[in-house]
There are 2 protein chains.
Amino acid sequence: MSALTLKLSTDDIVCPQGFLASAVAAGVKKDDGKLDLGLLCSTRPSIAAARFTTNVVKAAPLLLSQEHLEKSGGEIRAIIVNSGNANACTGNAGMQVARQMAELGSRILGISAHQLLVASTGVIGVQLPFERLEKQAGALKEGLKPEAIGDVAKAIMTTDTVRKICSAQVLIARKPVWISGMTKGAGMIQPNMATTLAFVLTDAMITRSLLEEALTEACNKSYNRITVDGDTSTNDTLAVIANGASGCPLIDERNDHYEAFAGTLIQVCRSLAQQIVRDGEGATKFIEIAVQGADSEAHATQIARSIANSPLFKTAMAGEDANWGRILCAAGYSGVSFDPNRTDIRIGSLPVCENGIGLRFDESQAKQILQQHDIRISLDLKSGTASSTVWTCDFTKEYIHINADYRT
Amino acid sequence: MSALTLKLSTDDIVCPQGFLASAVAAGVKKDDGKLDLGLLCSTRPSIAAARFTTNVVKAAPLLLSQEHLEKSGGEIRAIIVNSGNANACTGNAGMQVARQMAELGSRILGISAHQLLVASTGVIGVQLPFERLEKQAGALKEGLKPEAIGDVAKAIMTTDTVRKICSAQVLIARKPVWISGMTKGAGMIQPNMATTLAFVLTDAMITRSLLEEALTEACNKSYNRITVDGDTSTNDTLAVIANGASGCPLIDERNDHYEAFAGTLIQVCRSLAQQIVRDGEGATKFIEIAVQGADSEAHATQIARSIANSPLFKTAMAGEDANWGRILCAAGYSGVSFDPNRTDIRIGSLPVCENGIGLRFDESQAKQILQQHDIRISLDLKSGTASSTVWTCDFTKEYIHINADYRT
């Protein structure tokens, strides 16, 4: 199905038809003048699907967004988002602020408040000063234009060092359909059901139930396969809005059109998720952990994730040290039962362990592989036929530096 | 029952009656001349209980020790141990070396090979050069004396910066009974059933089944409550040998004598386990995480452990930052269902969060608390009556430094 995707770009973000965007600096971020308030909206009726964190501690905007999705029957028209403050662990006052944000968007766009999703990201446990957002109502409205979509991608950044965007075009019944997404995140990353903030806009025409299905599949194959530090955020939200403005026929069954759309959505989400890992706090390496020969995909993922979260593995990668014993050890405590005496491990293309026993290998060749920025670690359990891949980064002194003094 | 413990020391280790020890430098450690081979033995019949790692990847010496415990019916007389090489992921050749180590101890002590436990610690996946150990047979035998017990505690060190020992004396029917232990470990620490290496010798007289019970309880309340980096080792072994040389009456039922013994064993194991955390790789803080008001002890432990393993929490502690939002967030993704809107958090004695909402607190007071070496974080879920405590350390740049180049 990926053959149907005409273009995929991570350099530019194209605003799909019938959408507008706007971003301003409201002064919530410590650095004055940095964009920290954004609005994304469809100019015509649209539907949305979303996935939220599984953390039992859920931020106010997320609880409100769940409420609005239900109230509107999925007929979401816009997303209002701020960075610099997560509006999490803020109690009733925080919920009040989330409602005020939805009302602000409602006034600007002339739609019902419950047609907006609200998202916040930044520090936890501090009240969000709504008055700073309110002051920007005029500027936010005036700034609405398709080209501002890239500015919203900037406005959601926190410790991110780069803006994370992806645009893909796919032909559906010969109509070009755009799927464009933005995401943020560099730390507190171990998505479970959804991660951090990710907003995808598309001018495809699709039913709500199929949009939900496509998003679930895309999430499971992208955001649910990455980790930076094993910390699952209180604010994780992945939302997609579809408005049908492309003029493509309605996708209302699991046919070729659905496959083209869903396949492209997976590509966009995977690109966005991988951009998060590449920008992982303090990361110097992008590491792909591929497990095959498992008895189920869930077990393969669990083993790969256990390795991806092992501080000892991650520091070995930072040190470019072919310490494969830590890989097998982390697989061993993943909670999955497997036979270590059948397990093979490769670092890049270099076999380092066969049937659980270390092989003599050329250390200089291993070093050469580990000096690359992109590293692939593969395990073959030789037990079943299932496989999975998880993406992660290394663990460096810079991660400690970034996180030891984040709040103050 | 702790009132019965007469003395507890972590500065000196007293060799219980009827035990001998010896340690030599066999050249397995990279630093020539460092002690890396040790022998602990009872001069009279004795019994043992042990707990081993739950990692499915189990090192050869551990598999052999399990075999020997079974073969001997628990009548273990000695432990032979090396550091510098874990003899893990070494296949049949590694198992052969483990057997050779047991036979070496058997020849030196004149007991059956299956009356020995074998333990190894150090790098994973490299064959252990047994010939270096064998050369030391004479020196190891000649060195046997009670006073050498402290040298064995040195011989099991790897990245440890200090020797970890604890001796306690308890009166049982007015007979002074010694319980003396040693342990090692600073990284790859998240015990599950047992951790790293810990050997406890006692001259108490106790049945095997009660020794097992006492060890299980002590392990659950000590080693199973600590974490440095969430990595569960392939070589974790906690063993206790009891030889009855104190002349105390046989402990064969759950009476006051048992309580005195078991209570003291908990104290010794907890002291040893906490010494590991205090020496955690790169650690600058010793952190106690106490969760109360939970619906079960297991849930309280799970929440405390989730916080204790959160890189974001651990880096905040390194930065002396009262970022309590990360504490509640980590509790939230622990997998335990609880009501964040009832949860209170204190840093030291300072309330920072009440019913899930941040309190205004004096940042300078928080800073003062966090500048201490020992920090207590407490959570009250206000739901049930169960509680648990987990001990951990902070996460610093030094941890990365130590582990990025461990092997090479």
# chains A, B, ... in the order shown; residues from 1 in each chain; ligands from 1

call {"tool": "closest_atom_pairs", "arguments": {"of": "chain B", "to": "chain A", "cutoff": "8 Å", "atoms": "only C-alpha atoms", "output": "CSV"}}
result
residue,atom,partner,partner_atom,distance
B:Thr54,CA,A:Tyr333,CA,7.2
B:Asn55,CA,A:Tyr333,CA,4.6
B:Val56,CA,A:Gly332,CA,4.8
B:Val57,CA,A:Gly332,CA,5.0
B:Cys89,CA,A:Ile357,CA,5.1
B:Thr90,CA,A:Ile357,CA,5.1
B:Gly91,CA,A:Ile357,CA,5.5
B:Val123,CA,A:Gly325,CA,7.9
B:Ile124,CA,A:Gly325,CA,5.1
B:Gly125,CA,A:Gly358,CA,5.3
B:Val126,CA,A:Gly358,CA,6.8
B:Met188,CA,A:Leu312,CA,7.2
B:Asp229,CA,A:Pro311,CA,6.5
B:Gly230,CA,A:Ser310,CA,7.4
B:Asp231,CA,A:Ser310,CA,6.4
B:Thr232,CA,A:Tyr333,CA,6.3
B:Ser233,CA,A:Cys329,CA,6.7
B:Thr234,CA,A:Cys329,CA,6.2
B:Ser310,CA,A:Asp231,CA,6.4
B:Pro311,CA,A:Asp229,CA,6.4
B:Leu312,CA,A:Asn403,CA,6.4
B:Thr315,CA,A:Ala404,CA,4.7
B:Ala316,CA,A:Ala404,CA,4.5
B:Met317,CA,A:Ala404,CA,7.1
B:Ala318,CA,A:Ala404,CA,5.9
B:Gly319,CA,A:Ala404,CA,4.0
B:Glu320,CA,A:Ala404,CA,7.4
B:Asp321,CA,A:Asp405,CA,6.4
B:Asn323,CA,A:Arg407,CA,6.6
B:Trp324,CA,A:Gly125,CA,7.7
B:Gly325,CA,A:Ile124,CA,5.1
B:Arg326,CA,A:Ile124,CA,7.5
B:Leu328,CA,A:Val57,CA,7.3
B:Cys329,CA,A:Thr234,CA,6.2
B:Ala330,CA,A:Asp231,CA,6.9
B:Gly332,CA,A:Val56,CA,4.8
B:Tyr333,CA,A:Asn55,CA,4.6
B:Ser337,CA,A:Val56,CA,6.8
B:Phe338,CA,A:Val56,CA,7.3
B:Asp339,CA,A:Val56,CA,7.7
B:Pro340,CA,A:Val57,CA,6.0
B:Asn341,CA,A:Gly91,CA,7.7
B:Gly356,CA,A:Cys89,CA,5.7
B:Ile357,CA,A:Cys89,CA,5.1
B:Gly358,CA,A:Gly125,CA,5.4
B:Phe395,CA,A:Ile400,CA,7.2
B:Thr396,CA,A:Ile400,CA,6.1
B:Lys397,CA,A:Lys397,CA,4.7
B:Glu398,CA,A:Lys397,CA,7.8
B:Ile400,CA,A:Thr315,CA,5.8
B:His401,CA,A:Lys397,CA,7.5
B:Asn403,CA,A:Thr315,CA,5.7
B:Ala404,CA,A:Gly319,CA,4.0
B:Asp405,CA,A:Gly319,CA,5.5
B:Tyr406,CA,A:Ala316,CA,7.8
B:Arg407,CA,A:Asn323,CA,6.6
B:Thr408,CA,A:Asp321,CA,7.0

call {"tool": "write_last_selection", "arguments": {"atoms": "C-alpha atoms", "output": "short mmCIF file (atom, residue, chain, number, x, y, z; two decimals), in the first residue's frame"}}
result
data_model
loop_
_atom_site.label_atom_id
_atom_site.label_comp_id
_atom_site.auth_asym_id
_atom_site.auth_seq_id
_atom_site.Cartn_x
_atom_site.Cartn_y
_atom_site.Cartn_z
CA THR B 54 14.11 -14.34 38.27
CA ASN B 55 15.84 -13.30 35.03
CA VAL B 56 15.24 -16.07 32.49
CA VAL B 57 18.88 -15.64 31.52
CA CYS B 89 25.96 -16.33 28.59
CA THR B 90 28.91 -18.70 28.36
CA GLY B 91 27.10 -21.92 27.37
CA VAL B 123 31.30 -8.86 32.85
CA ILE B 124 28.72 -10.97 30.99
CA GLY B 125 29.41 -13.10 27.92
CA VAL B 126 33.14 -13.73 28.27
CA MET B 188 22.28 -3.61 37.41
CA ASP B 229 18.65 1.34 37.68
CA GLY B 230 15.83 -1.16 37.24
CA ASP B 231 18.14 -3.75 35.67
CA THR B 232 17.72 -7.25 37.15
CA SER B 233 20.99 -9.17 36.92
CA THR B 234 21.60 -12.66 35.51
CA SER B 310 11.67 6.96 36.85
CA PRO B 311 14.68 8.60 35.18
CA LEU B 312 12.87 11.93 35.37
CA THR B 315 17.41 13.28 37.68
CA ALA B 316 15.21 15.81 39.51
CA MET B 317 16.63 14.46 42.79
CA ALA B 318 20.15 14.84 41.40
CA GLY B 319 19.27 18.43 40.56
CA GLU B 320 17.70 18.98 44.02
CA ASP B 321 14.52 20.06 42.25
CA ASN B 323 9.47 18.54 40.88
CA TRP B 324 6.71 16.56 42.60
CA GLY B 325 4.68 16.42 39.37
CA ARG B 326 7.11 13.76 38.16
CA LEU B 328 2.69 11.74 40.83
CA CYS B 329 3.18 11.07 37.12
CA ALA B 330 5.38 8.01 37.79
CA GLY B 332 0.22 7.20 37.68
CA TYR B 333 1.87 4.90 35.15
CA SER B 337 -5.25 1.94 39.77
CA PHE B 338 -5.65 4.65 42.40
CA ASP B 339 -7.32 8.04 42.74
CA PRO B 340 -4.77 10.81 42.05
CA ASN B 341 -7.32 13.33 43.33
CA GLY B 356 -3.54 15.68 43.67
CA ILE B 357 -3.15 19.45 43.51
CA GLY B 358 0.07 21.40 44.01
CA PHE B 395 20.63 9.46 38.64
CA THR B 396 23.73 11.47 37.80
CA LYS B 397 26.14 12.06 34.94
CA GLU B 398 28.57 9.82 36.80
CA ILE B 400 26.48 7.40 32.52
CA HIS B 401 30.24 7.78 32.77
CA ASN B 403 28.45 2.51 32.37
CA ALA B 404 29.29 3.89 28.95
CA ASP B 405 32.69 2.22 28.99
CA TYR B 406 32.37 -0.61 31.50
CA ARG B 407 33.45 -3.46 29.26
CA THR B 408 36.24 -1.97 27.20
#

call {"tool": "select_by_dssp", "arguments": {"residues": "range 39-201 of chain B", "states": "alpha helix (DSSP H)", "output": "VMD selection string"}}
result
chain B and resid 60 to 71 91 to 109 130 to 134 137 to 142 149 to 155

call {"tool": "residues_around", "arguments": {"residues": "Asp362 in chain B", "least_positions_apart": "3", "cutoff": "12 Å", "atoms": "only C-alpha atoms", "output": "MDAnalysis selection string"}}
result
chainID B and resid 322 347 350:352 359 365:369

call {"tool": "closest_atom_pairs", "arguments": {"of": "range 254-373 of chain B", "to": "range 203-214 of chain B", "cutoff": "10 Å", "atoms": "only C-alpha atoms", "output": "Markdown table"}}
result
| residue | atom | partner | partner_atom | distance |
| --- | --- | --- | --- | --- |
| B:Arg254 | CA | B:Leu210 | CA | 7.9 |
| B:His257 | CA | B:Ile206 | CA | 9.7 |
| B:Tyr258 | CA | B:Leu210 | CA | 8.0 |
| B:Glu259 | CA | B:Ala214 | CA | 8.9 |
| B:Phe261 | CA | B:Ala204 | CA | 7.9 |
| B:Ala262 | CA | B:Ala214 | CA | 5.1 |
| B:Gly263 | CA | B:Ala214 | CA | 8.3 |
| B:Thr264 | CA | B:Ala214 | CA | 9.8 |
| B:Leu265 | CA | B:Ala214 | CA | 7.4 |
| B:Ile266 | CA | B:Ala214 | CA | 8.1 |

call {"tool": "write_last_selection", "arguments": {"atoms": "N, CA, C and O atoms", "output": "PDB file, in the first residue's frame"}}
result
ATOM      1  N   ARG B 254       7.963 -21.805  64.978  1.00  0.00           N
ATOM      2  CA  ARG B 254       7.823 -20.345  64.907  1.00  0.00           C
ATOM      3  C   ARG B 254       7.576 -19.766  66.306  1.00  0.00           C
ATOM      4  O   ARG B 254       6.528 -19.211  66.579  1.00  0.00           O
ATOM      5  N   HIS B 257      12.282 -17.732  69.716  1.00  0.00           N
ATOM      6  CA  HIS B 257      13.643 -17.906  69.194  1.00  0.00           C
ATOM      7  C   HIS B 257      13.666 -17.643  67.688  1.00  0.00           C
ATOM      8  O   HIS B 257      14.566 -16.975  67.175  1.00  0.00           O
ATOM      9  N   TYR B 258      12.666 -18.196  66.998  1.00  0.00           N
ATOM     10  CA  TYR B 258      12.582 -17.942  65.554  1.00  0.00           C
ATOM     11  C   TYR B 258      12.429 -16.451  65.283  1.00  0.00           C
ATOM     12  O   TYR B 258      13.112 -15.887  64.417  1.00  0.00           O
ATOM     13  N   GLU B 259      11.539 -15.803  66.026  1.00  0.00           N
ATOM     14  CA  GLU B 259      11.300 -14.381  65.796  1.00  0.00           C
ATOM     15  C   GLU B 259      12.576 -13.568  66.016  1.00  0.00           C
ATOM     16  O   GLU B 259      12.858 -12.615  65.277  1.00  0.00           O
ATOM     17  N   PHE B 261      15.661 -14.639  65.693  1.00  0.00           N
ATOM     18  CA  PHE B 261      16.574 -14.915  64.582  1.00  0.00           C
ATOM     19  C   PHE B 261      16.111 -14.222  63.299  1.00  0.00           C
ATOM     20  O   PHE B 261      16.870 -13.499  62.648  1.00  0.00           O
ATOM     21  N   ALA B 262      14.850 -14.421  62.950  1.00  0.00           N
ATOM     22  CA  ALA B 262      14.321 -13.897  61.682  1.00  0.00           C
ATOM     23  C   ALA B 262      14.341 -12.366  61.690  1.00  0.00           C
ATOM     24  O   ALA B 262      14.680 -11.734  60.682  1.00  0.00           O
ATOM     25  N   GLY B 263      14.001 -11.782  62.847  1.00  0.00           N
ATOM     26  CA  GLY B 263      14.013 -10.322  62.946  1.00  0.00           C
ATOM     27  C   GLY B 263      15.412  -9.755  62.746  1.00  0.00           C
ATOM     28  O   GLY B 263      15.590  -8.723  62.089  1.00  0.00           O
ATOM     29  N   THR B 264      16.388 -10.439  63.298  1.00  0.00           N
ATOM     30  CA  THR B 264      17.771  -9.973  63.146  1.00  0.00           C
ATOM     31  C   THR B 264      18.247 -10.175  61.702  1.00  0.00           C
ATOM     32  O   THR B 264      18.952  -9.330  61.148  1.00  0.00           O
ATOM     33  N   LEU B 265      17.824 -11.286  61.102  1.00  0.00           N
ATOM     34  CA  LEU B 265      18.201 -11.532  59.695  1.00  0.00           C
ATOM     35  C   LEU B 265      17.638 -10.424  58.798  1.00  0.00           C
ATOM     36  O   LEU B 265      18.328  -9.946  57.883  1.00  0.00           O
ATOM     37  N   ILE B 266      16.419  -9.998  59.072  1.00  0.00           N
ATOM     38  CA  ILE B 266      15.845  -8.887  58.294  1.00  0.00           C
ATOM     39  C   ILE B 266      16.712  -7.643  58.452  1.00  0.00           C
ATOM     40  O   ILE B 266      17.040  -6.968  57.471  1.00  0.00           O
TER      41      ILE B 266
END

call {"tool": "closest_residue", "arguments": {"among": "B:Gly110, B:Gly84, B:Gly181, B:Pro176", "to": "Ser9 in chain B", "atoms": "only C-alpha atoms"}}
result
B:Gly181

call {"tool": "select_by_dssp", "arguments": {"residues": "range 354-386 of chain B", "states": "strand (DSSP E)", "output": "list in words"}}
result
Glu354, Ile357, Gly358, Asp374, Ile375, Arg376, Ile377, Ser378, Leu379, Asp380 and Ala386 of chain B

call {"tool": "atom_distance", "arguments": {"atom1": "CA of Gln115 in chain B", "atom2": "CA of Leu63 in chain B"}}
result
14.3 Å

call {"tool": "closest_residue", "arguments": {"among": "B:Asn243, B:Ser72, B:Thr159, B:Asn85", "to": "Ala98 in chain B", "atoms": "only C-alpha atoms"}}
result
B:Asn85

call {"tool": "residues_around", "arguments": {"residues": "Trp178 in chain A", "least_positions_apart": "3", "cutoff": "7 Å", "atoms": "only C-alpha atoms", "output": "ChimeraX atom specification"}}
result
/A:16,168-170,202-203

call {"tool": "write_last_selection", "arguments": {"atoms": "N, CA, C and O atoms", "output": "PDB file, in the first residue's frame"}}
result
ATOM      1  N   PRO A  16      -3.365  20.624   4.736  1.00  0.00           N
ATOM      2  CA  PRO A  16      -4.383  20.002   3.886  1.00  0.00           C
ATOM      3  C   PRO A  16      -5.492  21.012   3.573  1.00  0.00           C
ATOM      4  O   PRO A  16      -5.655  22.011   4.281  1.00  0.00           O
ATOM      5  N   ALA A 168       2.339  13.846   3.938  1.00  0.00           N
ATOM      6  CA  ALA A 168       2.316  12.819   2.907  1.00  0.00           C
ATOM      7  C   ALA A 168       1.098  13.022   2.018  1.00  0.00           C
ATOM      8  O   ALA A 168       0.044  13.478   2.471  1.00  0.00           O
ATOM      9  N   GLN A 169       1.287  12.702   0.746  1.00  0.00           N
ATOM     10  CA  GLN A 169       0.173  12.790  -0.186  1.00  0.00           C
ATOM     11  C   GLN A 169      -0.107  11.403  -0.739  1.00  0.00           C
ATOM     12  O   GLN A 169       0.824  10.665  -1.083  1.00  0.00           O
ATOM     13  N   VAL A 170      -1.358  11.039  -0.793  1.00  0.00           N
ATOM     14  CA  VAL A 170      -1.743   9.741  -1.320  1.00  0.00           C
ATOM     15  C   VAL A 170      -2.913   9.962  -2.274  1.00  0.00           C
ATOM     16  O   VAL A 170      -3.737  10.856  -2.065  1.00  0.00           O
ATOM     17  N   THR A 202      -6.105  15.908   7.993  1.00  0.00           N
ATOM     18  CA  THR A 202      -6.216  15.315   6.664  1.00  0.00           C
ATOM     19  C   THR A 202      -7.488  15.796   5.982  1.00  0.00           C
ATOM     20  O   THR A 202      -8.514  16.003   6.644  1.00  0.00           O
ATOM     21  N   ASP A 203      -7.394  15.957   4.670  1.00  0.00           N
ATOM     22  CA  ASP A 203      -8.571  16.348   3.911  1.00  0.00           C
ATOM     23  C   ASP A 203      -9.256  15.123   3.286  1.00  0.00           C
ATOM     24  O   ASP A 203     -10.072  15.250   2.382  1.00  0.00           O
TER      25      ASP A 203
END

call {"tool": "residues_around", "arguments": {"residues": "range 138-145 of chain B", "least_positions_apart": "2", "cutoff": "8 Å", "atoms": "only C-alpha atoms", "output": "VMD selection string"}}
result
chain B and resid 20 to 24 38 to 39 108 to 109 135 to 136 147 to 149

call {"tool": "atom_distance", "arguments": {"atom1": "CA of Ala49 in chain B", "atom2": "CA of Asp36 in chain B"}}
result
24.0 Å

call {"tool": "residues_around", "arguments": {"residues": "range 271-275 of chain A", "least_positions_apart": "2", "cutoff": "6 Å", "atoms": "only C-alpha atoms", "output": "short mmCIF file (atom, residue, chain, number, x, y, z; two decimals) with all heavy atoms, in the first residue's frame"}}
result
data_model
loop_
_atom_site.label_atom_id
_atom_site.label_comp_id
_atom_site.auth_asym_id
_atom_site.auth_seq_id
_atom_site.Cartn_x
_atom_site.Cartn_y
_atom_site.Cartn_z
N SER A 222 3.49 2.89 15.69
CA SER A 222 4.39 4.04 15.68
C SER A 222 4.65 4.52 17.11
O SER A 222 5.63 4.13 17.73
CB SER A 222 3.81 5.17 14.83
OG SER A 222 2.55 5.60 15.34
N TYR A 223 3.73 5.29 17.66
CA TYR A 223 3.94 5.84 19.00
C TYR A 223 4.08 4.77 20.08
O TYR A 223 4.86 4.94 21.00
CB TYR A 223 2.82 6.82 19.35
CG TYR A 223 3.03 8.15 18.65
CD1 TYR A 223 2.41 8.43 17.45
CD2 TYR A 223 3.92 9.07 19.18
CE1 TYR A 223 2.65 9.63 16.79
CE2 TYR A 223 4.16 10.27 18.54
CZ TYR A 223 3.52 10.54 17.35
OH TYR A 223 3.77 11.72 16.71
N VAL A 268 3.02 8.39 8.26
CA VAL A 268 3.15 9.73 8.85
C VAL A 268 3.40 9.61 10.35
O VAL A 268 4.30 10.25 10.89
CB VAL A 268 1.88 10.58 8.56
CG1 VAL A 268 1.89 11.87 9.38
CG2 VAL A 268 1.79 10.90 7.07
N CYS A 269 2.62 8.78 11.02
CA CYS A 269 2.76 8.63 12.47
C CYS A 269 4.12 8.03 12.83
O CYS A 269 4.74 8.42 13.81
CB CYS A 269 1.64 7.77 13.05
SG CYS A 269 0.06 8.64 13.10
N VAL A 277 12.20 10.25 18.84
CA VAL A 277 13.35 9.48 19.33
C VAL A 277 14.66 10.12 18.89
O VAL A 277 15.62 10.24 19.66
CB VAL A 277 13.28 8.02 18.85
CG1 VAL A 277 14.54 7.27 19.23
CG2 VAL A 277 12.06 7.33 19.46
N ARG A 278 14.70 10.56 17.63
CA ARG A 278 15.92 11.19 17.11
C ARG A 278 16.27 12.45 17.89
O ARG A 278 17.42 12.84 17.99
CB ARG A 278 15.76 11.55 15.63
CG ARG A 278 15.82 10.34 14.74
CD ARG A 278 15.85 10.71 13.26
NE ARG A 278 15.80 9.50 12.46
CZ ARG A 278 16.84 8.73 12.20
NH1 ARG A 278 18.04 9.06 12.65
NH2 ARG A 278 16.71 7.63 11.49
#

call {"tool": "atom_distance", "arguments": {"atom1": "CA of Ala102 in chain A", "atom2": "CA of Arg132 in chain A"}}
result
14.7 Å

call {"tool": "closest_residue", "arguments": {"among": "B:Asp151, B:His68, B:Asp256, B:Gly122", "to": "Glu103 in chain B", "atoms": "only C-alpha atoms"}}
result
B:His68

call {"tool": "decode", "arguments": {"residues": "range 139-150 of chain B", "atoms": "N, CA, C and O atoms", "output": "mmCIF file, in the first residue's frame"}}
result
data_model
loop_
_atom_site.group_PDB
_atom_site.id
_atom_site.type_symbol
_atom_site.label_atom_id
_atom_site.label_comp_id
_atom_site.auth_asym_id
_atom_site.auth_seq_id
_atom_site.Cartn_x
_atom_site.Cartn_y
_atom_site.Cartn_z
ATOM 1 N N ALA B 139 47.218 -21.109 47.763
ATOM 2 C CA ALA B 139 47.103 -19.856 48.519
ATOM 3 C C ALA B 139 45.739 -19.735 49.181
ATOM 4 O O ALA B 139 45.623 -19.279 50.323
ATOM 5 N N LEU B 140 44.709 -20.188 48.458
ATOM 6 C CA LEU B 140 43.352 -20.091 48.989
ATOM 7 C C LEU B 140 43.215 -20.973 50.233
ATOM 8 O O LEU B 140 42.620 -20.579 51.233
ATOM 9 N N LYS B 141 43.800 -22.174 50.175
ATOM 10 C CA LYS B 141 43.726 -23.119 51.296
ATOM 11 C C LYS B 141 44.506 -22.574 52.492
ATOM 12 O O LYS B 141 44.023 -22.569 53.627
ATOM 13 N N GLU B 142 45.723 -22.111 52.226
ATOM 14 C CA GLU B 142 46.579 -21.599 53.311
ATOM 15 C C GLU B 142 45.959 -20.391 54.009
ATOM 16 O O GLU B 142 46.171 -20.169 55.187
ATOM 17 N N GLY B 143 45.214 -19.612 53.233
ATOM 18 C CA GLY B 143 44.662 -18.364 53.776
ATOM 19 C C GLY B 143 43.446 -18.540 54.666
ATOM 20 O O GLY B 143 42.945 -17.565 55.233
ATOM 21 N N LEU B 144 42.912 -19.766 54.771
ATOM 22 C CA LEU B 144 41.657 -19.977 55.508
ATOM 23 C C LEU B 144 41.782 -19.623 56.983
ATOM 24 O O LEU B 144 42.563 -20.231 57.724
ATOM 25 N N LYS B 145 41.024 -18.612 57.403
ATOM 26 C CA LYS B 145 40.983 -18.223 58.817
ATOM 27 C C LYS B 145 39.756 -17.336 59.034
ATOM 28 O O LYS B 145 39.276 -16.682 58.097
ATOM 29 N N PRO B 146 39.237 -17.301 60.256
ATOM 30 C CA PRO B 146 38.022 -16.509 60.499
ATOM 31 C C PRO B 146 38.201 -15.048 60.106
ATOM 32 O O PRO B 146 37.291 -14.437 59.528
ATOM 33 N N GLU B 147 39.360 -14.472 60.412
ATOM 34 C CA GLU B 147 39.558 -13.035 60.189
ATOM 35 C C GLU B 147 39.520 -12.647 58.716
ATOM 36 O O GLU B 147 39.410 -11.457 58.380
ATOM 37 N N ALA B 148 39.673 -13.628 57.803
ATOM 38 C CA ALA B 148 39.707 -13.287 56.376
ATOM 39 C C ALA B 148 38.309 -13.001 55.813
ATOM 40 O O ALA B 148 38.169 -12.668 54.638
ATOM 41 N N ILE B 149 37.287 -13.109 56.647
ATOM 42 C CA ILE B 149 35.915 -12.905 56.141
ATOM 43 C C ILE B 149 35.757 -11.520 55.508
ATOM 44 O O ILE B 149 35.085 -11.357 54.478
ATOM 45 N N GLY B 150 36.421 -10.526 56.082
ATOM 46 C CA GLY B 150 36.353 -9.168 55.529
ATOM 47 C C GLY B 150 37.043 -9.060 54.177
ATOM 48 O O GLY B 150 36.669 -8.223 53.342
#
